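Q: Sharing upload-v5.cif below, mmCIF, C-alpha atoms:
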```cif
data_upload
loop_
_atom_site.label_atom_id
_atom_site.label_comp_id
_atom_site.auth_asym_id
_atom_site.auth_seq_id
_atom_site.Cartn_x
_atom_site.Cartn_y
_atom_site.Cartn_z
CA MET A 240 13.07 17.38 -9.66
CA ASP A 241 16.86 17.07 -9.70
CA ILE A 242 16.97 16.55 -5.91
CA ALA A 243 14.11 14.02 -6.09
CA LEU A 244 16.04 11.97 -8.66
CA HIS A 245 19.10 11.73 -6.40
CA VAL A 246 17.56 11.08 -2.99
CA PRO A 247 19.49 7.81 -2.28
CA GLU A 248 22.85 9.37 -3.11
CA LEU A 249 22.15 12.51 -1.06
CA LEU A 250 20.99 10.42 1.88
CA HIS A 251 24.11 8.27 1.71
CA ALA A 252 26.20 11.45 1.90
CA HIS A 253 23.95 12.88 4.67
CA GLU A 254 23.35 15.93 2.47
CA LEU A 255 19.66 15.74 1.52
CA ARG A 256 18.48 17.96 4.37
CA SER A 257 20.98 20.69 3.57
CA HIS A 258 20.04 20.62 -0.13
CA ILE A 259 16.33 20.93 0.68
CA GLU A 260 16.92 23.72 3.18
CA ARG A 261 18.69 25.71 0.45
CA MET A 262 15.86 25.24 -2.07
CA PRO A 263 13.86 28.28 -3.17
CA LEU A 264 10.13 28.26 -2.45
CA LEU A 265 8.61 26.30 -5.32
CA SER A 266 5.31 27.28 -6.92
CA SER A 267 2.73 24.77 -8.12
CA GLN A 268 0.70 27.27 -10.15
CA PHE A 269 2.16 26.15 -13.47
CA LEU A 270 1.19 22.51 -12.89
CA GLU A 271 -2.02 22.09 -14.87
CA ARG A 272 -2.41 18.49 -15.98
CA TYR A 273 -3.33 15.67 -13.64
CA ARG A 274 -0.20 13.69 -14.52
CA GLU A 275 1.98 16.69 -13.73
CA LEU A 276 0.40 16.98 -10.30
CA ARG A 277 0.82 13.26 -9.62
CA LEU A 278 4.49 13.39 -10.63
CA ALA A 279 5.02 16.44 -8.41
CA HIS A 280 3.34 14.66 -5.48
CA LEU A 281 5.63 11.66 -5.98
CA ALA A 282 8.78 13.81 -6.18
CA LEU A 283 7.86 15.94 -3.17
CA GLY A 284 6.88 12.81 -1.23
CA VAL A 285 10.19 11.05 -1.83
CA MET A 286 12.05 14.20 -0.81
CA THR A 287 9.94 14.53 2.35
CA MET A 288 10.52 10.93 3.45
CA GLY A 289 14.23 11.34 2.88
CA TYR A 290 14.35 14.65 4.76
CA VAL A 291 12.49 13.28 7.80
CA TRP A 292 14.40 9.98 8.07
CA GLN A 293 17.88 10.98 6.82
CA GLU A 294 19.51 10.28 10.20
CA GLY A 295 17.31 7.36 11.21
CA GLU A 296 14.88 7.04 14.10
CA ASN A 297 17.04 8.80 16.70
CA ASN A 298 17.55 12.12 14.93
CA THR A 299 14.23 12.92 13.30
CA VAL A 300 12.95 16.43 12.65
CA LYS A 301 10.01 18.34 14.06
CA LEU A 302 9.56 20.69 11.10
CA LEU A 303 9.43 20.30 7.32
CA PRO A 304 10.96 23.43 5.72
CA ARG A 305 8.67 25.92 4.00
CA SER A 306 10.44 25.39 0.66
CA LEU A 307 9.18 21.79 0.63
CA ALA A 308 6.12 21.93 2.89
CA VAL A 309 4.20 24.67 1.08
CA PRO A 310 4.33 23.25 -2.46
CA TYR A 311 3.72 19.76 -1.10
CA TRP A 312 0.61 20.96 0.69
CA GLU A 313 -0.64 22.88 -2.36
CA VAL A 314 -0.23 19.90 -4.69
CA SER A 315 -1.81 17.58 -2.12
CA GLN A 316 -4.85 19.83 -1.78
CA ARG A 317 -5.35 19.92 -5.54
CA LEU A 318 -5.16 16.12 -5.76
CA GLY A 319 -7.15 15.33 -2.65
CA LEU A 320 -4.21 13.37 -1.22
CA PRO A 321 -2.35 13.83 2.10
CA PRO A 322 1.16 15.37 2.14
CA VAL A 323 2.98 12.09 2.75
CA LEU A 324 4.26 9.36 0.43
CA THR A 325 1.32 7.04 -0.29
CA HIS A 326 0.74 3.78 -2.14
CA ALA A 327 -0.76 5.88 -4.93
CA ASP A 328 2.59 7.67 -5.27
CA SER A 329 5.25 5.03 -4.76
CA VAL A 330 3.46 2.29 -6.73
CA LEU A 331 0.69 3.60 -8.97
CA ALA A 332 2.44 6.77 -10.18
CA ASN A 333 6.07 5.64 -10.03
CA TRP A 334 6.79 3.69 -13.21
CA ARG A 335 7.50 3.90 -16.89
CA LYS A 336 8.24 1.42 -19.63
CA LYS A 337 11.81 1.33 -20.88
CA ASN A 338 10.41 0.37 -24.27
CA PRO A 339 7.01 2.06 -24.69
CA GLU A 340 5.94 -0.67 -27.12
CA GLY A 341 7.25 -3.49 -24.91
CA PRO A 342 5.43 -5.67 -22.37
CA PHE A 343 4.27 -4.62 -18.92
CA ASP A 344 6.71 -6.83 -17.00
CA MET A 345 9.64 -6.60 -14.59
CA GLU A 346 12.25 -6.46 -17.33
CA ASN A 347 10.60 -3.54 -19.11
CA LEU A 348 9.64 -1.42 -16.11
CA GLU A 349 11.67 1.14 -14.19
CA LEU A 350 11.00 3.55 -11.34
CA LEU A 351 10.65 7.29 -11.79
CA ALA A 352 11.87 8.02 -8.24
CA THR A 353 13.48 5.74 -5.70
CA LEU A 354 14.66 5.45 -2.10
CA PRO A 355 17.66 3.75 -0.44
CA GLY A 356 17.72 -0.01 -0.97
CA GLY A 357 18.92 -0.45 -4.55
CA ASP A 358 17.34 -3.23 -6.59
CA SER A 359 15.13 -4.28 -3.68
CA VAL A 360 13.32 -0.93 -3.79
CA ARG A 361 12.64 -1.38 -7.48
CA GLY A 362 11.55 -4.97 -6.85
CA PHE A 363 9.20 -4.03 -4.03
CA PHE A 364 7.43 -1.25 -5.91
CA MET A 365 7.35 -3.04 -9.28
CA VAL A 366 6.05 -6.35 -7.91
CA THR A 367 3.35 -4.43 -6.03
CA LEU A 368 2.47 -2.66 -9.29
CA LEU A 369 2.15 -6.01 -11.08
CA VAL A 370 -0.18 -7.21 -8.32
CA GLU A 371 -2.31 -4.12 -8.94
CA LEU A 372 -2.25 -4.75 -12.69
CA ALA A 373 -3.40 -8.34 -12.15
CA ALA A 374 -6.46 -6.93 -10.38
CA VAL A 375 -7.62 -4.91 -13.40
CA PRO A 376 -9.76 -7.70 -14.98
CA ALA A 377 -11.50 -8.16 -11.64
CA LEU A 378 -12.25 -4.47 -11.29
CA ARG A 379 -13.63 -4.43 -14.82
CA SER A 380 -15.91 -7.37 -13.92
CA ILE A 381 -17.45 -5.69 -10.87
CA PRO A 382 -19.98 -3.66 -12.93
CA ALA A 383 -21.12 -6.90 -14.60
CA VAL A 384 -21.75 -8.39 -11.15
CA ILE A 385 -23.68 -5.33 -9.99
CA ASN A 386 -25.79 -5.14 -13.17
CA GLY A 387 -26.43 -8.88 -13.04
CA VAL A 388 -27.65 -8.66 -9.45
CA ARG A 389 -29.89 -5.70 -10.28
CA HIS A 390 -31.53 -7.52 -13.20
CA GLY A 391 -31.49 -11.04 -11.80
CA HIS A 392 -29.09 -12.43 -14.40
CA VAL A 393 -27.67 -15.44 -12.55
CA ASN A 394 -25.39 -16.69 -15.33
CA ALA A 395 -23.90 -13.25 -15.95
CA VAL A 396 -23.09 -12.86 -12.26
CA ALA A 397 -21.57 -16.33 -12.05
CA LYS A 398 -19.39 -15.69 -15.10
CA ALA A 399 -18.17 -12.34 -13.75
CA LEU A 400 -17.38 -13.92 -10.37
CA GLU A 401 -15.35 -16.63 -12.08
CA ASP A 402 -13.35 -13.92 -13.84
CA ILE A 403 -12.79 -12.13 -10.53
CA SER A 404 -11.58 -15.37 -8.92
CA GLN A 405 -9.03 -15.88 -11.68
CA SER A 406 -7.85 -12.30 -11.28
CA ILE A 407 -7.37 -12.74 -7.52
CA GLN A 408 -5.36 -15.90 -8.19
CA ASP A 409 -3.20 -13.94 -10.63
CA MET A 410 -2.62 -11.34 -7.92
CA THR A 411 -1.36 -14.05 -5.56
CA ASP A 412 0.92 -15.41 -8.26
CA LYS A 413 2.42 -11.95 -8.88
CA LEU A 414 2.88 -11.39 -5.14
CA LYS A 415 5.07 -14.50 -5.07
CA LEU A 416 7.61 -12.56 -7.15
CA MET A 417 8.40 -10.53 -4.02
CA GLN A 418 10.73 -13.28 -2.77
CA VAL A 419 12.54 -13.23 -6.12
CA TYR A 420 13.14 -9.50 -6.43
CA VAL A 421 13.37 -8.23 -2.83
CA ASP A 422 15.99 -9.04 -0.18
CA PRO A 423 14.22 -9.29 3.22
CA SER A 424 17.20 -7.89 5.15
CA ILE A 425 17.39 -4.83 2.87
CA PHE A 426 13.64 -4.30 2.99
CA TYR A 427 13.62 -4.48 6.78
CA GLY A 428 16.93 -2.84 7.59
CA THR A 429 17.13 -0.12 4.93
CA MET A 430 13.86 0.53 3.11
CA ARG A 431 11.08 0.41 5.69
CA ILE A 432 11.95 3.53 7.61
CA TYR A 433 11.55 5.61 4.44
CA LEU A 434 8.02 4.28 4.01
CA SER A 435 7.05 5.21 7.57
CA GLY A 436 4.85 8.12 8.53
CA TRP A 437 4.41 10.25 11.63
CA LYS A 438 1.20 8.87 13.06
CA ASP A 439 1.19 6.00 15.58
CA ASN A 440 4.99 6.05 15.35
CA ILE A 441 6.96 6.25 18.61
CA CYS A 442 9.90 7.73 16.70
CA MET A 443 7.79 10.85 16.00
CA PRO A 444 5.10 10.89 18.69
CA ASN A 445 4.19 14.54 18.10
CA GLY A 446 3.88 14.43 14.31
CA LEU A 447 5.45 16.94 11.92
CA VAL A 448 5.01 20.70 11.48
CA TYR A 449 4.60 21.75 7.84
CA GLU A 450 6.21 25.19 7.93
CA GLY A 451 4.13 27.86 6.24
CA VAL A 452 1.05 25.64 6.27
CA HIS A 453 0.08 25.12 9.93
CA THR A 454 1.79 26.10 13.15
CA GLU A 455 0.69 22.88 14.85
CA ALA A 456 2.13 19.49 14.03
CA MET A 457 0.13 17.12 11.82
CA GLU A 458 0.10 13.34 11.80
CA TYR A 459 0.01 11.11 8.71
CA SER A 460 0.44 7.38 8.35
CA GLY A 461 3.12 5.92 6.12
CA GLY A 462 2.54 3.81 3.04
CA SER A 463 0.50 0.66 3.51
CA ALA A 464 -0.98 -2.09 1.35
CA ALA A 465 -4.26 -1.05 2.99
CA GLN A 466 -4.06 2.12 0.88
CA SER A 467 -4.68 0.05 -2.25
CA SER A 468 -8.31 0.37 -3.28
CA VAL A 469 -8.41 -3.10 -4.87
CA LEU A 470 -9.05 -5.24 -1.78
CA HIS A 471 -11.46 -2.65 -0.39
CA CYS A 472 -13.51 -3.08 -3.58
CA PHE A 473 -13.51 -6.87 -3.23
CA ASP A 474 -14.54 -6.63 0.43
CA LYS A 475 -17.49 -4.39 -0.37
CA LEU A 476 -18.57 -6.57 -3.30
CA LEU A 477 -18.40 -9.86 -1.38
CA GLY A 478 -19.87 -8.46 1.84
CA VAL A 479 -16.80 -8.91 4.04
CA LYS A 480 -17.48 -7.40 7.48
CA HIS A 481 -14.34 -6.44 9.38
CA GLU A 482 -14.20 -6.10 13.14
CA GLU A 483 -14.47 -2.58 14.54
CA LYS A 484 -10.79 -1.72 15.05
CA SER A 485 -9.67 -3.15 11.71
CA ASP A 486 -12.56 -1.51 9.91
CA ALA A 487 -11.70 1.88 11.42
CA PHE A 488 -8.10 1.58 10.19
CA LEU A 489 -9.16 0.44 6.71
CA THR A 490 -11.68 3.26 6.47
CA ARG A 491 -9.02 5.79 7.47
CA MET A 492 -6.67 4.41 4.83
CA ARG A 493 -9.17 5.46 2.16
CA ASN A 494 -8.18 9.05 2.91
CA TYR A 495 -4.78 8.14 1.44
CA MET A 496 -6.28 7.08 -1.89
CA PRO A 497 -7.05 9.24 -4.93
CA PRO A 498 -10.60 10.56 -4.46
CA ALA A 499 -11.91 8.59 -7.47
CA HIS A 500 -10.67 5.35 -5.89
CA LYS A 501 -12.33 6.20 -2.60
CA GLN A 502 -15.56 7.04 -4.42
CA LEU A 503 -15.51 3.71 -6.27
CA ILE A 504 -15.36 1.83 -2.97
CA GLU A 505 -18.26 3.89 -1.65
CA ASP A 506 -20.29 3.31 -4.83
CA ILE A 507 -19.80 -0.47 -4.61
CA SER A 508 -20.85 -0.45 -0.96
CA GLN A 509 -24.16 1.23 -1.91
CA GLN A 510 -25.20 -1.52 -4.34
CA PRO A 511 -27.63 -4.37 -3.60
CA SER A 512 -26.03 -7.18 -1.60
CA LEU A 513 -24.34 -9.77 -3.81
CA ARG A 514 -24.18 -12.26 -0.96
CA SER A 515 -27.93 -11.98 -0.30
CA PHE A 516 -28.59 -12.39 -4.03
CA VAL A 517 -26.53 -15.58 -4.14
CA GLN A 518 -28.30 -17.02 -1.09
CA HIS A 519 -31.73 -16.10 -2.43
CA GLN A 520 -31.12 -17.65 -5.87
CA ALA A 521 -29.88 -20.94 -4.41
CA ASP A 522 -28.19 -21.71 -7.74
CA GLU A 523 -25.33 -24.20 -7.43
CA LYS A 524 -23.13 -22.67 -10.13
CA LEU A 525 -23.63 -19.18 -8.72
CA SER A 526 -22.94 -20.32 -5.17
CA GLN A 527 -19.77 -22.09 -6.25
CA ALA A 528 -18.56 -18.99 -8.12
CA PHE A 529 -19.16 -16.83 -5.04
CA GLN A 530 -17.43 -19.33 -2.76
CA LEU A 531 -14.44 -19.49 -5.09
CA CYS A 532 -14.05 -15.71 -4.91
CA VAL A 533 -14.04 -15.79 -1.12
CA THR A 534 -11.61 -18.73 -1.09
CA LYS A 535 -9.20 -16.99 -3.46
CA LEU A 536 -9.35 -13.77 -1.43
CA VAL A 537 -8.64 -15.69 1.79
CA ALA A 538 -5.71 -17.41 0.07
CA LEU A 539 -4.31 -14.06 -1.11
CA ARG A 540 -4.51 -12.63 2.39
CA SER A 541 -2.95 -15.77 3.86
CA TYR A 542 -0.05 -15.52 1.45
CA HIS A 543 0.35 -11.84 2.33
CA ILE A 544 0.75 -12.90 5.96
CA ASN A 545 3.53 -15.24 4.88
CA VAL A 546 5.23 -12.41 3.00
CA VAL A 547 5.02 -10.14 6.04
CA SER A 548 6.48 -12.87 8.24
CA ARG A 549 9.39 -13.36 5.84
CA PHE A 550 10.08 -9.65 5.33
CA ILE A 551 9.31 -8.24 8.78
CA LEU A 552 8.97 -10.80 11.57
CA VAL A 553 11.98 -12.96 10.71
CA PRO A 554 14.35 -9.98 10.16
CA ALA A 555 12.98 -8.35 13.34
CA ALA A 556 13.84 -11.46 15.34
CA ARG A 557 17.31 -11.49 13.79
CA ALA A 558 17.79 -7.81 14.64
CA ARG A 559 16.89 -8.44 18.28
CA GLN A 560 19.27 -11.40 18.39
CA VAL A 561 22.10 -9.36 16.91
CA ARG A 562 21.59 -6.54 19.40
CA THR A 563 21.29 -8.92 22.36
CA MET A 564 24.54 -10.67 21.45
CA GLY A 565 26.31 -7.41 20.71
CA GLN A 566 27.10 -8.44 17.16
CA ALA A 567 25.69 -5.39 15.39
CA SER A 568 27.82 -4.30 12.47
CA GLU A 569 27.55 -2.40 9.23
CA GLU A 570 27.50 -5.74 7.42
CA GLU A 571 24.43 -6.88 9.37
CA THR A 572 21.80 -4.84 7.55
CA VAL A 573 18.93 -5.77 9.87
CA SER A 574 20.80 -4.32 12.84
CA ARG A 575 20.31 -0.83 11.39
CA ALA A 576 16.52 -1.16 11.31
CA PRO A 577 14.50 1.21 13.53
CA ARG A 578 13.39 -0.47 16.75
CA GLY A 579 10.21 1.56 16.82
CA LEU A 580 8.89 -0.32 13.78
CA GLU A 581 9.46 -3.85 15.01
CA GLU A 582 6.41 -5.96 14.20
CA LYS A 583 4.49 -2.87 13.10
CA GLY A 584 3.37 -2.01 9.61
CA THR A 585 4.51 1.27 8.08
CA GLY A 586 0.88 2.36 8.35
CA GLY A 587 1.18 2.00 12.14
CA THR A 588 -0.73 -1.23 12.81
CA GLU A 589 0.27 -4.24 14.90
CA ILE A 590 0.72 -5.95 11.61
CA ILE A 591 0.32 -9.70 12.05
CA SER A 592 -2.61 -9.40 14.44
CA PHE A 593 -4.30 -6.99 12.04
CA LEU A 594 -3.70 -9.13 8.95
CA LYS A 595 -4.93 -12.32 10.61
CA THR A 596 -8.08 -10.60 11.84
CA VAL A 597 -8.77 -9.26 8.35
CA ARG A 598 -8.11 -12.68 6.81
CA ASN A 599 -10.39 -14.44 9.29
CA ARG A 600 -13.21 -11.97 8.74
CA THR A 601 -12.84 -12.56 4.99
CA ARG A 602 -13.35 -16.26 5.62
CA ASP A 603 -16.54 -15.39 7.50
CA ALA A 604 -18.00 -14.08 4.23
CA ASN A 605 -18.47 -17.71 3.15
CA LEU A 606 -22.03 -18.86 2.61
CA PRO A 607 -23.48 -20.66 5.67
CA GLU A 608 -23.01 -24.17 4.24
CA GLU A 609 -19.35 -23.54 3.42
CA ALA A 610 -18.77 -21.82 6.78
CA LYS A 611 -20.04 -24.91 8.59
CA ARG A 612 -17.78 -27.13 6.48
CA ASN A 613 -14.79 -24.95 7.35
CA GLU A 614 -15.63 -25.15 11.06
CA HIS A 615 -15.67 -28.95 10.94
CA GLN A 616 -12.33 -29.01 9.08
CA SER A 617 -10.58 -26.58 11.45
#
```
Would you mind writing the structure in this file as structure tokens?
A:
Amino acid sequence: MDIALHVPELLHAHELRSHIERMPLLSSQFLERYRELRLAHLALGVMTMGYVWQEGENNTVKLLPRSLAVPYWEVSQRLGLPPVLTHADSVLANWRKKNPEGPFDMENLELLATLPGGDSVRGFFMVTLLVELAAVPALRSIPAVINGVRHGHVNAVAKALEDISQSIQDMTDKLKLMQVYVDPSIFYGTMRIYLSGWKDNICMPNGLVYEGVHTEAMEYSGGSAAQSSVLHCFDKLLGVKHEEKSDAFLTRMRNYMPPAHKQLIEDISQQPSLRSFVQHQADEKLSQAFQLCVTKLVALRSYHINVVSRFILVPAARARQVRTMGQASEEETVSRAPRGLEEKGTGGTEIISFLKTVRNRTRDANLPEEAKRNEHQS
């Protein structure tokens, strides 16, 4: 754990790889509780990302040493998670309250493990955590929607949908904190590479060999907002139908979630159709509540596109300009960003195209009357 707590400093000194290569083979047999396993997965994940990307995109590695690969694989197998740093690690399992009795807010939260990027790393992970927290009331309302649909309780469904809409709005409001706590040039030029995986990544086209686990290289995607189960749950509840390529990526991202999260998404997808229930009831209040949910979800995804533009597309354009003009310097943080990730998400997607497609398909979940109104307005 000592190495995991000092990853940024060891990377700055270009010494993380040598420290990991000198580690003894760790055993996971004494990890018994779930929280211990999650903490171990976080620590091993941060160390792995640092080891792979210590020297940037041009001096990656082909093999993860046995001393790190074997325990990482063992812990991953026990948790049902892949051996790569996931959203479930860096966000959901990477916090503690400074004051245990204090509020759940930016001032009272700190990271357990971090990566290069200073305060922007903390800001990125903590704001994302607050977005997740804002979704909790919505997740708690989903069973009320399902039960209401099953028993034909129109008012109960409408009330639960109103609560979900408010929760989605709160998520958007929390996401707006990203521009307060994260510097786009640091996110793009310093942080992103350490969130990147070795699948669909031209910097590591052949993947990574986990020594002592498999002789052949394996490929895993890096962290992605698509690994959050929250929006998957909303999509299944509201009947959002994604196009084939996007749906395949989103479905694959569920393999990067804790198994219970993945199961929840599957359980919601097996329930009677909420959208069909709303259309069949033809109740104005119910229809309005459903439409508001879709509208709020579209707005959240639209704002996410704005965030991605600010934190990826704009810095990427600046990086290209700097390189073209030959102005690259240590002071120009964006100039140090990996070229292989330009305009790609750390999960490996062509990010803006993907996000716009997902947003547009969310809009298509509108009821027919609202969909026609939107067509006339666009």
Q: Please write as a ChimeraX atom specification the full residue list that the PyMOL selection byres ((chain A and resi 249-259) around 10) yields on this file.
A: /A:242-248,260-263,286-287,289-294,303-307,354-355
Q: Pull C-alpha atoms from the residues just selected and write them as a PDB file, keeping the file's coordinate frame.
A:
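Contents of selection.pdb, as written:
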```pdb
ATOM      1  CA  ILE A 242      16.970  16.550  -5.910  1.00  0.00           C
ATOM      2  CA  ALA A 243      14.110  14.020  -6.090  1.00  0.00           C
ATOM      3  CA  LEU A 244      16.040  11.970  -8.660  1.00  0.00           C
ATOM      4  CA  HIS A 245      19.100  11.730  -6.400  1.00  0.00           C
ATOM      5  CA  VAL A 246      17.560  11.080  -2.990  1.00  0.00           C
ATOM      6  CA  PRO A 247      19.490   7.810  -2.280  1.00  0.00           C
ATOM      7  CA  GLU A 248      22.850   9.370  -3.110  1.00  0.00           C
ATOM      8  CA  GLU A 260      16.920  23.720   3.180  1.00  0.00           C
ATOM      9  CA  ARG A 261      18.690  25.710   0.450  1.00  0.00           C
ATOM     10  CA  MET A 262      15.860  25.240  -2.070  1.00  0.00           C
ATOM     11  CA  PRO A 263      13.860  28.280  -3.170  1.00  0.00           C
ATOM     12  CA  MET A 286      12.050  14.200  -0.810  1.00  0.00           C
ATOM     13  CA  THR A 287       9.940  14.530   2.350  1.00  0.00           C
ATOM     14  CA  GLY A 289      14.230  11.340   2.880  1.00  0.00           C
ATOM     15  CA  TYR A 290      14.350  14.650   4.760  1.00  0.00           C
ATOM     16  CA  VAL A 291      12.490  13.280   7.800  1.00  0.00           C
ATOM     17  CA  TRP A 292      14.400   9.980   8.070  1.00  0.00           C
ATOM     18  CA  GLN A 293      17.880  10.980   6.820  1.00  0.00           C
ATOM     19  CA  GLU A 294      19.510  10.280  10.200  1.00  0.00           C
ATOM     20  CA  LEU A 303       9.430  20.300   7.320  1.00  0.00           C
ATOM     21  CA  PRO A 304      10.960  23.430   5.720  1.00  0.00           C
ATOM     22  CA  ARG A 305       8.670  25.920   4.000  1.00  0.00           C
ATOM     23  CA  SER A 306      10.440  25.390   0.660  1.00  0.00           C
ATOM     24  CA  LEU A 307       9.180  21.790   0.630  1.00  0.00           C
ATOM     25  CA  LEU A 354      14.660   5.450  -2.100  1.00  0.00           C
ATOM     26  CA  PRO A 355      17.660   3.750  -0.440  1.00  0.00           C
TER      27      PRO A 355
END
```
Q: Nearest residue to Lys484 (chain A) out of A:Thr596, A:Ser266, A:Leu503, A:Gln408, using only C-alpha atoms?
A: A:Thr596
Q: Would you kindly return, as a CSV table (one decimal) with C-alpha atoms, in the frame of the given file, each protein, DNA or RNA residue with an atom no farther than 10 Å from any atom of region 371-388 of chain A, considering all atoms listed in the file and excluding same-chain residues fewer than 4 positions away?
A:
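Dumped everything to part.csv:
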```csv
chain,number,residue,atom,x,y,z
A,330,VAL,CA,3.5,2.3,-6.7
A,331,LEU,CA,0.7,3.6,-9.0
A,343,PHE,CA,4.3,-4.6,-18.9
A,365,MET,CA,7.4,-3.0,-9.3
A,366,VAL,CA,6.0,-6.4,-7.9
A,367,THR,CA,3.4,-4.4,-6.0
A,392,HIS,CA,-29.1,-12.4,-14.4
A,393,VAL,CA,-27.7,-15.4,-12.6
A,394,ASN,CA,-25.4,-16.7,-15.3
A,395,ALA,CA,-23.9,-13.2,-16.0
A,396,VAL,CA,-23.1,-12.9,-12.3
A,397,ALA,CA,-21.6,-16.3,-12.0
A,398,LYS,CA,-19.4,-15.7,-15.1
A,399,ALA,CA,-18.2,-12.3,-13.8
A,400,LEU,CA,-17.4,-13.9,-10.4
A,401,GLU,CA,-15.4,-16.6,-12.1
A,402,ASP,CA,-13.4,-13.9,-13.8
A,403,ILE,CA,-12.8,-12.1,-10.5
A,404,SER,CA,-11.6,-15.4,-8.9
A,405,GLN,CA,-9.0,-15.9,-11.7
A,406,SER,CA,-7.8,-12.3,-11.3
A,407,ILE,CA,-7.4,-12.7,-7.5
A,408,GLN,CA,-5.4,-15.9,-8.2
A,409,ASP,CA,-3.2,-13.9,-10.6
A,410,MET,CA,-2.6,-11.3,-7.9
A,411,THR,CA,-1.4,-14.0,-5.6
A,412,ASP,CA,0.9,-15.4,-8.3
A,413,LYS,CA,2.4,-12.0,-8.9
A,414,LEU,CA,2.9,-11.4,-5.1
A,467,SER,CA,-4.7,0.0,-2.2
A,468,SER,CA,-8.3,0.4,-3.3
A,469,VAL,CA,-8.4,-3.1,-4.9
A,470,LEU,CA,-9.0,-5.2,-1.8
A,472,CYS,CA,-13.5,-3.1,-3.6
A,473,PHE,CA,-13.5,-6.9,-3.2
A,476,LEU,CA,-18.6,-6.6,-3.3
A,507,ILE,CA,-19.8,-0.5,-4.6
A,510,GLN,CA,-25.2,-1.5,-4.3
A,511,PRO,CA,-27.6,-4.4,-3.6
A,512,SER,CA,-26.0,-7.2,-1.6
A,513,LEU,CA,-24.3,-9.8,-3.8
A,514,ARG,CA,-24.2,-12.3,-1.0
A,515,SER,CA,-27.9,-12.0,-0.3
A,516,PHE,CA,-28.6,-12.4,-4.0
A,517,VAL,CA,-26.5,-15.6,-4.1
```
Q: Rounded to one decimal in Å, what is the spacing between CA of Asp474 (chain A) and CA of Val421 (chain A)?
A: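 Here the two named atoms are 28.1 Å from each other.
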Q: Run through the PyMOL selection byres ((chain A and resi 530-546) around 7) on the given coordinates and return the selected residues as an NGL selection string.
A: :A and (400 or 403-404 or 407-408 or 411 or 526-529 or 547-550 or 591 or 594 or 598 or 601-602 or 604-605)
Q: Starting from the point (10.5, 7.9, 4.1), work out which residues of protein, DNA or RNA have an atom no more than 6 Å away when counting only C-alpha atoms; state them as a PyMOL selection string.
A: chain A and resi 288-289+292+432-435
Q: On this file, the PyMOL selection byres ((chain A and resi 490) around 12) gives some set of residues; write that set as a list in words.
A: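 That selection, the PyMOL selection byres ((chain A and resi 490) around 12), comes back as Ala465, Gln466, Ser467, Ser468, His471, Asp474, Lys475, His481, Glu482, Glu483, Lys484, Ser485, Asp486, Ala487, Phe488, Leu489, Arg491, Met492, Arg493, Asn494, Tyr495, Met496, Lys501, Ile504 and Glu505 of chain A.
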Q: To one decimal place, how far is CA of Leu552 (chain A) from CA of Pro444 (chain A) in Å?
A: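 It comes out at 23.2 Å.
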Q: Which of these, A:Gly356, A:Gly462, A:Gly362, A:Gly446, has the shortest distance to Ser329 (chain A) once you count all atoms listed in the file?
A: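 The closest residue to Ser329 (chain A) is A:Gly462.
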Q: Determine the nearest neighbour of Ser463 (chain A) from the options A:Tyr273, A:Tyr420, A:Tyr311, A:Phe364, counting only C-alpha atoms.
A: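 Ranked by minimum distance to Ser463 (chain A), first place goes to A:Phe364.
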Q: Can you report as JSON the centre and edge lengths in Å, to one decimal, of an axis-aligned box around the listed atoms of region 324-331 of chain A padded with 8 Å on each side?
A:
```
{"center_x": 2.2, "center_y": 5.8, "center_z": -4.3, "size_x": 22.0, "size_y": 23.1, "size_z": 25.4}
```
Q: Between CA of Lys415 (chain A) and CA of Val561 (chain A), what is the spacing in Å?
A: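 We find that CA of Val561 (chain A) and CA of Lys415 (chain A) lie 28.3 Å from each other.
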Q: My list of candidates is A:Pro607, A:Gly478, A:Pro497, A:Gly428. Which is closest to Gln509 (chain A) when distances are computed with all atoms listed in the file?
A: A:Gly478
Q: Under the rule that only C-alpha atoms are counted, which of A:Asn333, A:Asn347, A:Thr353, A:Gln268 is the nearest residue to Arg317 (chain A)?
A: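 Smallest separation from Arg317 (chain A) among the options: A:Gln268.
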Q: Find the spatial neighbours of Asn445 (chain A), counting only C-alpha atoms, within a cut-off of 8 Å - ignore same-chain residues fewer than 2 positions away - and output them as a count of residues only.
A: 6
Q: Quick one: of A:His326, A:Arg389, A:Arg274, A:Lys336, who's nearest to Phe363 (chain A), counting all atoms listed in the file?
A: A:His326
